[in-house]
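*Asks:* One file is attached below, work-v8.csv, containing CSV, C-alpha atoms and all ligand atoms.
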```
chain,number,residue,atom,x,y,z
A,1,MET,CA,-24.7,-45.4,-153.0
A,2,PHE,CA,-26.8,-44.2,-150.0
A,3,VAL,CA,-26.6,-40.4,-149.6
A,4,GLN,CA,-27.2,-39.1,-146.1
A,5,PRO,CA,-30.0,-36.5,-146.0
A,6,ILE,CA,-27.8,-34.4,-143.7
A,7,PRO,CA,-24.1,-35.5,-143.4
A,8,THR,CA,-23.5,-36.8,-139.9
A,9,LEU,CA,-20.0,-35.1,-140.2
A,10,ARG,CA,-18.1,-33.2,-142.8
A,11,ARG,CA,-15.0,-31.1,-142.9
A,12,GLU,CA,-15.4,-27.4,-143.5
A,13,ALA,CA,-12.1,-25.5,-143.8
A,14,ASP,CA,-10.2,-26.4,-140.6
A,15,THR,CA,-13.4,-27.4,-138.6
A,16,LEU,CA,-15.5,-30.5,-138.4
A,17,VAL,CA,-19.2,-29.8,-138.8
A,18,ILE,CA,-21.4,-32.4,-137.1
A,19,LEU,CA,-25.1,-33.0,-136.8
A,20,ASP,CA,-25.8,-32.5,-133.1
A,21,GLN,CA,-27.7,-35.6,-132.1
A,22,THR,CA,-28.5,-34.4,-128.6
A,23,LEU,CA,-31.1,-32.1,-130.2
A,24,LEU,CA,-32.8,-34.9,-132.2
A,25,PRO,CA,-35.5,-35.8,-132.8
A,26,PHE,CA,-36.8,-32.4,-131.7
A,27,ARG,CA,-34.6,-30.2,-133.8
A,28,SER,CA,-32.0,-30.7,-136.5
A,29,ALA,CA,-28.9,-28.4,-136.1
A,30,THR,CA,-25.2,-28.6,-137.0
A,31,VAL,CA,-22.3,-27.5,-134.8
A,32,ALA,CA,-18.8,-26.7,-136.0
A,33,LEU,CA,-16.0,-28.3,-133.9
A,34,ALA,CA,-12.7,-26.4,-134.0
A,35,SER,CA,-10.5,-28.2,-131.5
A,36,LEU,CA,-9.4,-31.5,-130.0
A,37,GLU,CA,-11.4,-30.7,-126.8
A,38,ALA,CA,-14.6,-29.9,-128.8
A,39,ALA,CA,-14.3,-33.2,-130.7
A,40,ALA,CA,-13.7,-35.2,-127.4
A,41,ASP,CA,-16.6,-33.5,-125.7
A,42,ALA,CA,-18.9,-34.2,-128.7
A,43,ILE,CA,-18.1,-37.9,-128.4
A,44,ARG,CA,-18.4,-38.0,-124.5
A,45,HIS,CA,-21.7,-36.1,-124.5
A,46,MET,CA,-23.1,-38.0,-127.5
A,47,GLN,CA,-23.5,-35.1,-129.9
A,48,VAL,CA,-22.1,-37.8,-132.1
A,49,ARG,CA,-22.8,-41.4,-131.3
A,50,GLY,CA,-23.0,-44.9,-132.8
A,51,ALA,CA,-19.8,-46.9,-133.1
A,52,PRO,CA,-18.7,-46.1,-136.6
A,53,LEU,CA,-19.4,-42.4,-136.2
A,54,ILE,CA,-17.5,-42.3,-133.0
A,55,GLY,CA,-14.5,-43.7,-134.8
A,56,ALA,CA,-14.7,-41.2,-137.7
A,57,THR,CA,-15.2,-38.3,-135.3
A,58,ALA,CA,-12.1,-39.3,-133.3
A,59,ALA,CA,-10.1,-39.5,-136.6
A,60,PHE,CA,-11.1,-35.9,-137.4
A,61,GLY,CA,-10.4,-35.0,-133.8
A,62,VAL,CA,-6.8,-35.9,-134.4
A,63,ALA,CA,-6.7,-33.7,-137.5
A,64,LEU,CA,-8.2,-30.8,-135.5
A,65,ALA,CA,-5.5,-31.2,-132.8
A,66,LEU,CA,-2.7,-31.1,-135.4
A,67,ALA,CA,-4.3,-28.2,-137.3
A,68,ARG,CA,-4.2,-26.0,-134.1
A,69,GLY,CA,-0.5,-25.6,-133.7
A,70,ARG,CA,2.6,-27.7,-133.6
A,71,ALA,CA,2.1,-31.2,-135.0
A,72,ASP,CA,4.9,-32.7,-133.0
A,73,ASP,CA,4.9,-36.1,-131.2
A,74,ALA,CA,3.7,-34.7,-127.9
A,75,VAL,CA,0.6,-33.1,-129.6
A,76,LEU,CA,-0.2,-36.2,-131.6
A,77,GLU,CA,0.2,-38.6,-128.6
A,78,HIS,CA,-1.9,-36.3,-126.4
A,79,ALA,CA,-4.7,-36.2,-129.0
A,80,LEU,CA,-4.7,-40.0,-129.3
A,81,ALA,CA,-4.8,-40.4,-125.5
A,82,VAL,CA,-7.6,-37.8,-125.0
A,83,LEU,CA,-9.8,-39.2,-127.8
A,84,GLY,CA,-9.1,-42.8,-126.8
A,85,ALA,CA,-10.5,-42.2,-123.3
A,86,THR,CA,-13.8,-40.7,-124.4
A,87,ARG,CA,-16.0,-43.8,-124.6
A,88,PRO,CA,-15.0,-47.3,-123.7
A,89,THR,CA,-17.2,-49.8,-125.4
A,90,ALA,CA,-17.2,-49.1,-129.2
A,91,VAL,CA,-13.9,-50.5,-130.5
A,92,ASN,CA,-14.3,-48.5,-133.7
A,93,LEU,CA,-12.8,-45.6,-131.6
A,94,HIS,CA,-9.6,-47.5,-131.0
A,95,TRP,CA,-9.6,-48.9,-134.5
A,96,ALA,CA,-9.8,-45.4,-136.1
A,97,LEU,CA,-7.1,-44.0,-133.7
A,98,ALA,CA,-4.8,-46.9,-134.4
A,99,ARG,CA,-5.2,-46.2,-138.2
A,100,MET,CA,-4.4,-42.5,-137.7
A,101,ALA,CA,-1.4,-43.3,-135.5
A,102,ASP,CA,0.0,-45.8,-138.1
A,103,VAL,CA,-0.2,-43.1,-140.8
A,104,LEU,CA,0.9,-40.1,-138.7
A,105,ARG,CA,3.7,-41.4,-136.4
A,106,PRO,CA,6.3,-42.1,-139.1
A,107,LEU,CA,5.7,-38.6,-140.7
A,108,SER,CA,7.6,-35.4,-139.9
A,109,ALA,CA,5.6,-32.8,-138.0
A,110,PRO,CA,5.1,-30.5,-141.1
A,111,ALA,CA,3.7,-33.4,-143.1
A,112,ARG,CA,1.2,-34.5,-140.5
A,113,CYS,CA,-1.6,-32.0,-140.7
A,114,ALA,CA,-2.5,-32.6,-144.3
A,115,ALA,CA,-2.1,-36.4,-143.9
A,116,ALA,CA,-4.4,-36.4,-140.8
A,117,TRP,CA,-7.2,-34.7,-142.7
A,118,ALA,CA,-6.7,-37.0,-145.7
A,119,GLU,CA,-6.7,-40.1,-143.5
A,120,ALA,CA,-9.8,-39.0,-141.6
A,121,GLU,CA,-11.6,-38.4,-144.8
A,122,ALA,CA,-10.6,-41.8,-146.1
A,123,ILE,CA,-12.1,-43.4,-142.9
A,124,ARG,CA,-15.3,-41.5,-143.5
A,125,ALA,CA,-15.5,-42.6,-147.1
A,126,ASP,CA,-14.6,-46.2,-146.3
A,127,ASP,CA,-17.4,-46.3,-143.7
A,128,ALA,CA,-19.9,-45.1,-146.2
A,129,ALA,CA,-18.9,-47.8,-148.7
A,130,THR,CA,-18.9,-50.4,-145.9
A,131,CYS,CA,-22.4,-49.5,-144.9
A,132,ASP,CA,-23.6,-49.9,-148.5
A,133,ALA,CA,-22.0,-53.4,-148.7
A,134,ILE,CA,-23.7,-54.4,-145.4
A,135,GLY,CA,-26.9,-53.3,-146.9
A,136,ARG,CA,-26.5,-55.5,-149.9
A,137,HIS,CA,-25.7,-58.6,-147.9
A,138,GLY,CA,-28.5,-57.9,-145.4
A,139,LEU,CA,-31.0,-57.4,-148.2
A,140,ALA,CA,-30.7,-61.1,-149.0
A,141,LEU,CA,-32.1,-61.9,-145.6
A,142,ILE,CA,-35.1,-59.6,-146.1
A,143,ALA,CA,-35.6,-60.7,-149.7
A,144,ALA,CA,-35.7,-64.4,-148.6
A,145,ILE,CA,-38.5,-63.7,-146.2
A,146,ALA,CA,-40.4,-61.6,-148.7
A,147,ALA,CA,-40.2,-64.5,-151.2
A,148,ARG,CA,-41.7,-66.9,-148.7
A,149,ARG,CA,-44.9,-65.1,-147.9
A,150,PRO,CA,-47.0,-62.1,-148.9
A,151,GLY,CA,-47.0,-58.8,-147.0
A,152,PRO,CA,-44.3,-56.6,-145.6
A,153,VAL,CA,-41.3,-58.1,-143.9
A,154,ARG,CA,-41.5,-57.2,-140.2
A,155,LEU,CA,-38.0,-56.4,-138.8
A,156,MET,CA,-37.3,-55.4,-135.2
A,157,THR,CA,-34.3,-53.3,-134.2
A,158,HIS,CA,-32.9,-51.7,-131.1
A,159,CYS,CA,-31.1,-48.4,-130.4
A,160,ASN,CA,-30.1,-46.5,-133.5
A,161,ALA,CA,-27.8,-48.2,-136.0
A,162,GLY,CA,-29.0,-46.2,-139.0
A,163,TRP,CA,-27.4,-43.4,-141.0
A,164,LEU,CA,-27.2,-41.3,-137.9
A,165,ALA,CA,-24.8,-43.8,-136.3
A,166,THR,CA,-22.4,-43.9,-139.3
A,167,CYS,CA,-21.0,-42.0,-142.2
A,168,GLY,CA,-23.3,-43.8,-144.6
A,169,ALA,CA,-26.5,-45.8,-144.6
A,170,GLY,CA,-26.0,-47.3,-141.2
A,171,THR,CA,-25.4,-51.0,-140.2
A,172,ALA,CA,-28.7,-52.6,-139.0
A,173,LEU,CA,-30.8,-50.2,-141.0
A,174,ALA,CA,-28.7,-50.4,-144.2
A,175,PRO,CA,-30.6,-53.6,-145.3
A,176,VAL,CA,-33.9,-51.8,-144.6
A,177,TYR,CA,-32.9,-48.9,-146.9
A,178,ALA,CA,-31.6,-51.5,-149.5
A,179,ALA,CA,-34.9,-53.3,-149.4
A,180,GLN,CA,-36.8,-50.0,-149.8
A,181,ALA,CA,-34.7,-49.2,-152.9
A,182,ALA,CA,-35.4,-52.7,-154.2
A,183,GLY,CA,-39.1,-52.3,-153.8
A,184,ILE,CA,-39.5,-54.8,-151.0
A,185,ALA,CA,-42.0,-53.7,-148.3
A,186,VAL,CA,-40.5,-53.6,-144.8
A,187,GLU,CA,-42.1,-52.5,-141.5
A,188,VAL,CA,-39.7,-51.8,-138.7
A,189,VAL,CA,-40.5,-52.3,-135.0
A,190,VAL,CA,-38.4,-49.7,-133.1
A,191,SER,CA,-37.8,-50.1,-129.4
A,192,GLU,CA,-37.5,-46.9,-127.5
A,193,THR,CA,-34.1,-47.7,-126.0
A,194,ARG,CA,-34.2,-46.2,-122.5
A,195,PRO,CA,-32.5,-44.3,-121.0
A,196,ARG,CA,-31.1,-42.3,-123.9
A,197,ASN,CA,-34.0,-43.2,-126.3
A,198,GLN,CA,-31.9,-43.8,-129.4
A,199,GLY,CA,-35.0,-45.6,-130.8
A,200,LEU,CA,-36.5,-42.1,-131.2
A,201,LEU,CA,-33.6,-41.3,-133.6
A,202,THR,CA,-34.4,-44.5,-135.5
A,203,ALA,CA,-38.1,-43.5,-135.7
A,204,TRP,CA,-37.0,-40.0,-136.9
A,205,GLU,CA,-34.8,-41.3,-139.7
A,206,LEU,CA,-37.3,-43.9,-140.8
A,207,ARG,CA,-40.1,-41.4,-140.9
A,208,ALA,CA,-37.9,-39.0,-143.0
A,209,ALA,CA,-37.2,-41.9,-145.4
A,210,GLY,CA,-40.8,-43.0,-145.6
A,211,VAL,CA,-40.2,-46.4,-144.1
A,212,PRO,CA,-43.3,-47.7,-142.1
A,213,HIS,CA,-42.4,-48.2,-138.5
A,214,THR,CA,-43.9,-48.6,-135.0
A,215,LEU,CA,-42.3,-47.3,-131.9
A,216,ILE,CA,-42.7,-49.6,-128.8
A,217,ALA,CA,-41.6,-49.5,-125.2
A,218,ASP,CA,-38.6,-51.7,-124.7
A,219,ASN,CA,-40.5,-54.1,-122.6
A,220,ALA,CA,-43.0,-54.8,-125.3
A,221,ALA,CA,-40.5,-56.5,-127.5
A,222,GLY,CA,-40.9,-60.0,-125.9
A,223,LEU,CA,-44.6,-60.0,-126.4
A,224,LEU,CA,-44.4,-59.1,-130.1
A,225,LEU,CA,-41.8,-61.7,-130.7
A,226,MET,CA,-43.8,-64.4,-128.8
A,227,ARG,CA,-46.9,-63.6,-130.8
A,228,GLY,CA,-45.1,-64.1,-134.1
A,229,GLU,CA,-45.4,-60.4,-135.1
A,230,VAL,CA,-41.7,-60.1,-136.1
A,231,ASP,CA,-39.9,-62.0,-138.9
A,232,LEU,CA,-36.3,-61.1,-137.9
A,233,VAL,CA,-34.3,-58.9,-135.6
A,234,ILE,CA,-31.3,-57.0,-136.7
A,235,THR,CA,-29.2,-54.7,-134.4
A,236,GLY,CA,-25.9,-53.1,-134.7
A,237,ALA,CA,-22.9,-53.7,-132.4
A,238,ASP,CA,-20.2,-51.7,-130.6
A,239,ARG,CA,-17.7,-54.5,-130.4
A,240,VAL,CA,-17.8,-58.1,-131.6
A,241,ALA,CA,-15.4,-60.5,-129.8
A,242,ALA,CA,-13.4,-63.2,-131.6
A,243,ASN,CA,-16.0,-65.9,-130.7
A,244,GLY,CA,-18.9,-63.8,-132.0
A,245,ASP,CA,-20.2,-62.5,-128.7
A,246,ALA,CA,-21.5,-59.0,-129.5
A,247,ALA,CA,-21.8,-55.9,-127.3
A,248,ASN,CA,-24.5,-53.5,-128.2
A,249,LYS,CA,-26.8,-51.0,-126.5
A,250,VAL,CA,-28.3,-52.3,-123.3
A,251,GLY,CA,-31.5,-54.2,-123.9
A,252,THR,CA,-30.1,-56.0,-127.0
A,253,TYR,CA,-29.4,-59.2,-125.0
A,254,LEU,CA,-33.1,-59.4,-123.8
A,255,LYS,CA,-34.3,-59.1,-127.4
A,256,ALA,CA,-31.9,-61.9,-128.5
A,257,LEU,CA,-33.2,-64.1,-125.6
A,258,ALA,CA,-36.8,-63.4,-126.5
A,259,ALA,CA,-36.1,-64.0,-130.2
A,260,HIS,CA,-34.4,-67.3,-129.5
A,261,ALA,CA,-37.3,-68.4,-127.4
A,262,ALA,CA,-39.7,-67.5,-130.2
A,263,GLY,CA,-37.7,-69.1,-133.0
A,264,VAL,CA,-37.1,-65.7,-134.6
A,265,PRO,CA,-33.6,-65.2,-136.2
A,266,PHE,CA,-31.5,-62.5,-134.5
A,267,TYR,CA,-28.7,-60.9,-136.5
A,268,ILE,CA,-26.0,-58.4,-135.8
A,269,ALA,CA,-24.9,-56.0,-138.5
A,270,ALA,CA,-21.3,-54.8,-138.1
A,271,PRO,CA,-18.4,-53.6,-140.2
A,272,HIS,CA,-14.8,-54.7,-139.9
A,273,SER,CA,-14.0,-51.7,-137.6
A,274,THR,CA,-16.3,-53.2,-135.0
A,275,LEU,CA,-14.6,-56.6,-134.9
A,276,ASP,CA,-12.1,-57.1,-132.0
A,277,PHE,CA,-10.2,-60.3,-132.4
A,278,GLY,CA,-8.1,-59.3,-129.4
A,279,CYS,CA,-11.1,-60.0,-127.2
A,280,PRO,CA,-11.5,-63.7,-127.0
A,281,ASP,CA,-15.1,-63.5,-125.8
A,282,GLY,CA,-17.7,-61.0,-124.5
A,283,ARG,CA,-16.3,-61.1,-120.9
A,284,ALA,CA,-13.4,-59.1,-122.1
A,285,ILE,CA,-15.5,-56.3,-123.6
A,286,PRO,CA,-15.5,-53.1,-121.4
A,287,ILE,CA,-19.1,-52.0,-120.6
A,288,GLU,CA,-19.6,-48.2,-120.3
A,289,ASP,CA,-21.3,-47.1,-117.1
A,290,ARG,CA,-23.0,-43.7,-117.6
A,291,GLY,CA,-24.3,-41.4,-115.0
A,292,ALA,CA,-27.4,-42.1,-112.9
A,293,ASP,CA,-28.9,-38.8,-114.2
A,294,GLU,CA,-29.7,-40.5,-117.6
A,295,VAL,CA,-32.0,-42.9,-115.8
A,296,CYS,CA,-33.5,-40.5,-113.3
A,297,ARG,CA,-34.2,-37.7,-115.8
A,298,ILE,CA,-35.8,-37.5,-119.2
A,299,ARG,CA,-35.8,-35.0,-122.1
A,300,GLY,CA,-38.7,-34.0,-124.3
A,301,LEU,CA,-40.4,-31.2,-126.2
A,302,ALA,CA,-42.3,-28.9,-123.9
A,303,ALA,CA,-45.6,-27.2,-125.0
A,304,ASP,CA,-43.6,-24.0,-125.8
A,305,ALA,CA,-41.5,-26.0,-128.3
A,306,THR,CA,-38.3,-25.8,-126.1
A,307,ILE,CA,-36.4,-29.0,-125.3
A,308,ALA,CA,-37.1,-29.6,-121.6
A,309,GLU,CA,-35.6,-31.9,-119.0
A,310,LEU,CA,-37.8,-33.5,-116.3
A,311,SER,CA,-37.0,-35.5,-113.2
A,312,LEU,CA,-38.5,-39.0,-113.2
A,313,ALA,CA,-37.3,-40.3,-109.8
A,314,PRO,CA,-37.4,-39.0,-106.3
A,315,PRO,CA,-34.2,-36.9,-105.4
A,316,ALA,CA,-31.2,-39.0,-104.5
A,317,THR,CA,-32.6,-42.2,-106.0
A,318,ARG,CA,-29.7,-44.6,-106.5
A,319,ALA,CA,-29.6,-45.7,-110.1
A,320,ALA,CA,-27.3,-47.8,-112.2
A,321,ASN,CA,-26.8,-47.1,-115.9
A,322,PRO,CA,-24.8,-49.8,-117.7
A,323,ALA,CA,-25.0,-48.5,-121.3
A,324,PHE,CA,-24.3,-51.8,-123.2
A,325,ASP,CA,-24.8,-55.5,-122.8
A,326,VAL,CA,-23.3,-58.6,-124.4
A,327,THR,CA,-25.3,-61.0,-126.5
A,328,PRO,CA,-23.7,-64.4,-126.5
A,329,ALA,CA,-22.8,-65.9,-129.9
A,330,ALA,CA,-25.1,-68.8,-129.3
A,331,LEU,CA,-28.1,-66.5,-129.6
A,332,ILE,CA,-26.9,-64.9,-132.9
A,333,ALA,CA,-28.0,-66.4,-136.2
A,334,GLY,CA,-25.3,-64.5,-138.1
A,335,ILE,CA,-23.2,-61.4,-138.4
A,336,VAL,CA,-23.9,-59.3,-141.4
A,337,THR,CA,-20.6,-57.7,-142.5
A,338,GLU,CA,-19.5,-55.9,-145.6
A,339,ARG,CA,-17.9,-59.2,-146.8
A,340,GLY,CA,-20.9,-61.3,-146.3
A,341,ILE,CA,-22.9,-63.0,-143.5
A,342,ALA,CA,-20.8,-65.1,-141.1
A,343,ALA,CA,-21.9,-67.5,-138.4
A,344,PRO,CA,-20.6,-65.9,-135.2
A,345,GLY,CA,-17.8,-68.4,-134.6
A,346,HIS,CA,-16.6,-68.1,-138.2
A,347,LEU,CA,-15.7,-64.4,-138.4
A,348,ALA,CA,-12.0,-65.2,-138.7
A,349,ALA,CA,-12.6,-66.9,-142.1
A,350,LEU,CA,-14.0,-63.7,-143.5
A,351,TYR,CA,-11.3,-61.5,-141.9
A,352,PRO,CA,-8.1,-63.5,-141.8
A,353,GLU,CA,-5.9,-60.4,-141.9
A,354,GLN,CA,-7.6,-59.0,-138.8
A,355,ALA,CA,-7.8,-62.3,-137.0
A,356,ARG,CA,-4.0,-62.9,-137.3
B,1,LIG,C1,-24.1,-48.6,-136.3
B,1,LIG,S1,-24.1,-48.2,-134.7
B,1,LIG,C2,-24.1,-49.7,-133.7
B,1,LIG,C3,-24.1,-49.3,-132.2
B,1,LIG,O1,-23.1,-48.4,-132.0
B,1,LIG,C4,-25.4,-48.9,-131.7
B,1,LIG,O2,-26.4,-49.9,-131.8
B,1,LIG,C5,-25.3,-48.4,-130.3
B,1,LIG,O3,-25.3,-49.2,-129.4
B,1,LIG,C6,-25.0,-47.0,-130.1
B,1,LIG,O4,-24.8,-46.6,-128.8
B,1,LIG,P1,-24.6,-45.1,-128.4
B,1,LIG,O5,-24.5,-45.1,-126.9
B,1,LIG,O6,-25.9,-44.4,-128.9
B,1,LIG,O7,-23.4,-44.6,-129.1
```
Translate this structure into structure tokens?
*Replies:*
Amino acid sequence: MFVQPIPTLRREADTLVILDQTLLPFRSATVALASLEAAADAIRHMQVRGAPLIGATAAFGVALALARGRADDAVLEHALAVLGATRPTAVNLHWALARMADVLRPLSAPARCAAAWAEAEAIRADDAATCDAIGRHGLALIAAIAARRPGPVRLMTHCNAGWLATCGAGTALAPVYAAQAAGIAVEVVVSETRPRNQGLLTAWELRAAGVPHTLIADNAAGLLLMRGEVDLVITGADRVAANGDAANKVGTYLKALAAHAAGVPFYIAAPHSTLDFGCPDGRAIPIEDRGADEVCRIRGLAADATIAELSLAPPATRAANPAFDVTPAALIAGIVTERGIAAPGHLAALYPEQAR
């Protein structure tokens, strides 16, 4: 089982201790969240991020709400509503809250608090096990390429779908860590992922794990794919529709298009909590619009080692910031799940109970 070098979240007494991802890759620090509002803010402001981790944090957010006073219906429903409105695209958020609601609604108020902590912890543990299973299935893709030719397998990814985004090994990076454990050489091409630069988080975790990697500007991905410098692309997802269309961090679609044109297989790695059979196709997936500030400003480490923010654009520049895009199923070679790899249109066969 993959062990996170620093837990992305953990319960400590009646608080939730998270690794604050807004400080990475510059500084690694944890923060203790003690209330519903603190948990909701941590999700909104991306102190925690990545679809599975957002879901787990929301589950613990419900426990925090119930631990702070009365655990009656009004408190529970308020917590579910506040957390449910934090970020719109990752369906894991709604999946986790629905799981909490199913367990907690039938209980009496006095029984709810302990049950909420227990269920949140179960969601955390399930996610860790799920990531390991995704790693095992994705490893087969990497091993097949390694068996065909000498040299390291060259894998491209986008955003951060590693351990930082989950409670375990990650989704897209779980096969990379599994390959490393199996002694198969892998090199990862990491795209920067403007505007929030989650690719820098990927570079940070790969560096710590000793996995060779190269950071590229997002716009360099097409050239590398066209030149045959990449063997396969694997990204995570925030929501996969019933037909296999997959929403992920903005820029994923362009990589899938370029991979398709270059004949390079493009895979999505996603757990059951990311599958939304209620969405018939990608057009029904809500796309988060974040503030223009994220496009017009940039954070970095200043010469005095403080984290500094700089303006990139002239004042009052109008900027749009759609945070996700949708890759059509036709561009996806397969979806790597904890139950195996499915062709995008065949997810229901792997998850009949969810598809019903
Ligand atoms: C295992 S995480 C998969 C996705 O959640 C990830 O690729 C992504 O898009 C994260 O977006 P973020 O905005 O950083 O939460």
*Asks:* Enumerate as number ranges by chain the residues within 9 Å of ligand LIG 1 (chain B), counting all atoms listed in the file.
*Replies:* A: 43, 46, 48-54, 87, 89-90, 92, 131, 157-166, 170-173, 196-198, 235-239, 247-250, 252, 269-271, 274, 288, 323-324
*Asks:* Using only C-alpha atoms, which residue out of A:Gly340, A:Ile216, A:Leu104, A:Ser273 lies closest to Ala140 in chain A?
*Replies:*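 Selected residue with least distance to Ala140 in chain A: A:Gly340.
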*Asks:* Counting only C-alpha atoms, figure out which residue out of A:Ala179, A:Ala313, A:Gly291, A:Thr57 gets nearest to Leu141 in chain A.
*Replies:*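 Among A:Ala179, A:Ala313, A:Gly291, A:Thr57, it is A:Ala179 that comes nearest to Leu141 in chain A.
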*Asks:* Name the residues, using the chain letters and numbers of the file, that sit within 6 Å of (-37.9, -48.8, -131.4) when counting only C-alpha atoms, and give them as a PyMOL selection string.
*Replies:* chain A and resi 158+189-192+199+215-216
*Asks:* Can you tell me, as a PyMOL selection string, what residues are no more than 10 Å from range 119-124 of chain A when counting all atoms listed in the file, ignoring any on the same chain fewer than 5 positions away?
*Replies:* chain A and resi 9-11+52-53+55-63+96-97+99-100+103-104+113-114+129-130+166-168
*Asks:* Quick one: of A:Glu353, A:Arg194, A:Arg339, A:Pro25, who's nearest to Leu206 in chain A, counting all atoms listed in the file?
*Replies:* A:Pro25
*Asks:* Could you jot down the CA of Ala185 in chain A to CA of Phe266 in chain A separation for me, Å, one decimal place?
*Replies:*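 One can read the CA of Ala185 in chain A to CA of Phe266 in chain A distance as 19.4 Å.
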*Asks:* Between CA of Thr327 in chain A and CA of Ala261 in chain A, measure the distance and give it in Å to one decimal.
*Replies:*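 Between these atoms lies a distance of 14.1 Å.
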*Asks:* What is the CA of His260 in chain A-CA of Ala147 in chain A distance in Å, reported with one decimal?
*Replies:*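 Taking CA of His260 in chain A as the start and CA of Ala147 in chain A as the end point, the length is 22.6 Å.
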*Asks:* For range 34-36 of chain A, list every protein, DNA or RNA residue within 9 Å, evaluated using only C-alpha atoms, and leave out those in the same chain fewer than 5 positions away; present the list as a count of residues only.
*Replies:* 18
*Asks:* Would you mind listing what lies within 9 Å of Leu232 in chain A as a list in words, with all atoms listed in the file counted and same-chain residues fewer than 2 positions away left out?
*Replies:*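 So the residues in contact are Leu141, Ile142, Ile145, Val153, Arg154, Leu155, Met156, Thr157, Val230, Ile234, Ala259, Val264, Pro265, Phe266 and Tyr267 of chain A.
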*Asks:* Which residues, written as number ranges by chain, have at least one atom at most 12 Å from Gly263 in chain A, with all atoms listed in the file counted and residues fewer than 6 positions away on the same chain left out?
*Replies:* A: 222, 225-233, 255-257, 331-333
*Asks:* From the options A:Ala115, A:Ala329, A:Cys296, A:Cys279, which residue's atoms come nearest to Pro195 in chain A, counting all atoms listed in the file?
*Replies:*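 Closest to Pro195 in chain A of all the choices is A:Cys296.
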*Asks:* Could you check the closest approach to Ser28 in chain A for each of A:Leu201, A:Leu107, A:Pro212, A:Arg149 and tell me which residue wins, using only C-alpha atoms?
*Replies:*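 Distance minimum relative to Ser28 in chain A lands on A:Leu201.
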*Asks:* Identify which of the residues A:Gly278, A:Gly138, A:Gly151, A:Gly251 lies closest to Ala342 in chain A, counting all atoms listed in the file when measuring atom-to-atom distances.
*Replies:*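 Closest candidate: A:Gly138.
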